[in-house]
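Peer 1: Sending over a structure as structure tokens; questions will come in a sec.
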Amino acid sequence: DDSVWAEGLLVFYEVFKFLEQALVSHSDSLIGDLLIPGMARTQAFEEDLEYFYGDWRTDYNMRPEVQQYLDHLHKLDQENPYLLIPYIYHLYMGLFSGGQILQAKVGIKHQFHL
């Protein structure tokens, strides 16, 4: 169901956007070493969201649960940004390894930017 896939993209978009911004803002530390050229997915998520929703930003409201998760990540970023490393690692490992498998299983015809 494309609507389920698109809704999932909205959730992950926010998390990737936050973590990628954190990678950039901490690029002068060891965290910046995780910023691998070509790895960022924020723009690809935006392109996929445009495919599903068109002008999706106009009526978009973030889910409260996503905001709570982002608040948690923001707190970690403020208190000890190195605690973001496991989040970054697991999120990208899940995307790059599991995303392609999931895409093949559900038979999505659109070429996503995984």
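We name chains A, B, ... following the order of the structure tokens; residues begin at 1 in each chain, and ligands are numbered from 1 as shown.
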Mind running stretch 4-24 of chain A against stretch 38-57 of chain A at 9 Å and telling me each contacting residue's nearest atom pair with the distance in Å (one decimal), counting only C-alpha atoms, chain and number ascending, as CSV?
Peer 2:
```
residue,atom,partner,partner_atom,distance
A:Ala6,CA,A:Phe52,CA,6.4
A:Leu9,CA,A:Phe45,CA,6.8
A:Leu10,CA,A:Leu49,CA,7.3
A:Phe12,CA,A:Phe45,CA,8.4
A:Tyr13,CA,A:Phe45,CA,5.9
A:Glu14,CA,A:Thr42,CA,8.4
A:Phe16,CA,A:Thr42,CA,6.2
A:Lys17,CA,A:Thr42,CA,5.4
A:Glu20,CA,A:Ala40,CA,6.6
```
Peer 1: Would you mind writing down, as a PyMOL selection string, each residue of stretch 1-95 of chain A that DSSP on the backbone assigns to helix (DSSP H, G or I)?
Peer 2: chain A and resi 2-25+30-34+42-53+64-79+81-95
Peer 1: Using atom CA of A:Pro81 and atom CA of A:Leu23 as the two end points, give the distance in Å to one decimal.
Peer 2: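 These two atoms are separated by 9.5 Å.
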Peer 1: Within 12 Å of A:His26, counting only C-alpha atoms, which residues qualify if same-chain residues fewer than 6 places away don't, as a PyMOL selection string?
Peer 2: chain A and resi 19-20+32-35+77-78+80-82+84-85
Peer 1: Go ahead and write the selection's residues with N, CA and C atoms as an mmCIF file, in the first residue's frame.
Peer 2:
```cif
data_model
loop_
_atom_site.group_PDB
_atom_site.id
_atom_site.type_symbol
_atom_site.label_atom_id
_atom_site.label_comp_id
_atom_site.auth_asym_id
_atom_site.auth_seq_id
_atom_site.Cartn_x
_atom_site.Cartn_y
_atom_site.Cartn_z
ATOM 1 N N LEU A 19 19.323 14.155 12.122
ATOM 2 C CA LEU A 19 20.639 13.551 12.310
ATOM 3 C C LEU A 19 21.651 14.072 11.297
ATOM 4 N N GLU A 20 21.214 14.324 10.079
ATOM 5 C CA GLU A 20 22.132 14.862 9.082
ATOM 6 C C GLU A 20 22.531 16.289 9.420
ATOM 7 N N GLY A 32 31.745 14.146 12.975
ATOM 8 C CA GLY A 32 31.841 14.548 11.575
ATOM 9 C C GLY A 32 32.457 13.485 10.682
ATOM 10 N N ASP A 33 33.240 12.572 11.262
ATOM 11 C CA ASP A 33 33.827 11.491 10.478
ATOM 12 C C ASP A 33 32.753 10.552 9.918
ATOM 13 N N LEU A 34 31.573 10.580 10.509
ATOM 14 C CA LEU A 34 30.470 9.738 10.024
ATOM 15 C C LEU A 34 29.760 10.352 8.823
ATOM 16 N N LEU A 35 30.091 11.567 8.505
ATOM 17 C CA LEU A 35 29.472 12.261 7.374
ATOM 18 C C LEU A 35 30.193 11.833 6.093
ATOM 19 N N ASP A 77 21.736 15.722 21.801
ATOM 20 C CA ASP A 77 22.641 16.598 21.064
ATOM 21 C C ASP A 77 23.161 17.722 21.955
ATOM 22 N N GLN A 78 22.310 18.244 22.799
ATOM 23 C CA GLN A 78 22.701 19.335 23.703
ATOM 24 C C GLN A 78 23.580 18.842 24.851
ATOM 25 N N ASN A 80 25.228 15.616 25.220
ATOM 26 C CA ASN A 80 26.414 14.859 24.811
ATOM 27 C C ASN A 80 26.184 14.358 23.387
ATOM 28 N N PRO A 81 26.589 15.129 22.389
ATOM 29 C CA PRO A 81 26.296 14.768 21.004
ATOM 30 C C PRO A 81 26.871 13.413 20.580
ATOM 31 N N TYR A 82 27.874 12.923 21.290
ATOM 32 C CA TYR A 82 28.425 11.610 20.946
ATOM 33 C C TYR A 82 27.404 10.494 21.155
ATOM 34 N N LEU A 84 24.596 10.516 19.950
ATOM 35 C CA LEU A 84 23.857 10.395 18.691
ATOM 36 C C LEU A 84 24.466 9.342 17.770
ATOM 37 N N ILE A 85 25.711 8.980 18.002
ATOM 38 C CA ILE A 85 26.400 8.044 17.105
ATOM 39 C C ILE A 85 25.645 6.724 16.935
#
```
Peer 1: Point out the residue among A:Phe18, A:His74, A:Val4, A:Ser25 with the least atom-to-atom distance to A:Leu91, counting only C-alpha atoms.
Peer 2: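 Selected residue with least distance to A:Leu91: A:Phe18.
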Peer 1: Rounded to one decimal in Å, what is the spacing between atom CA of A:Ser3 and atom CA of A:Gly94?
Peer 2: 20.8 Å
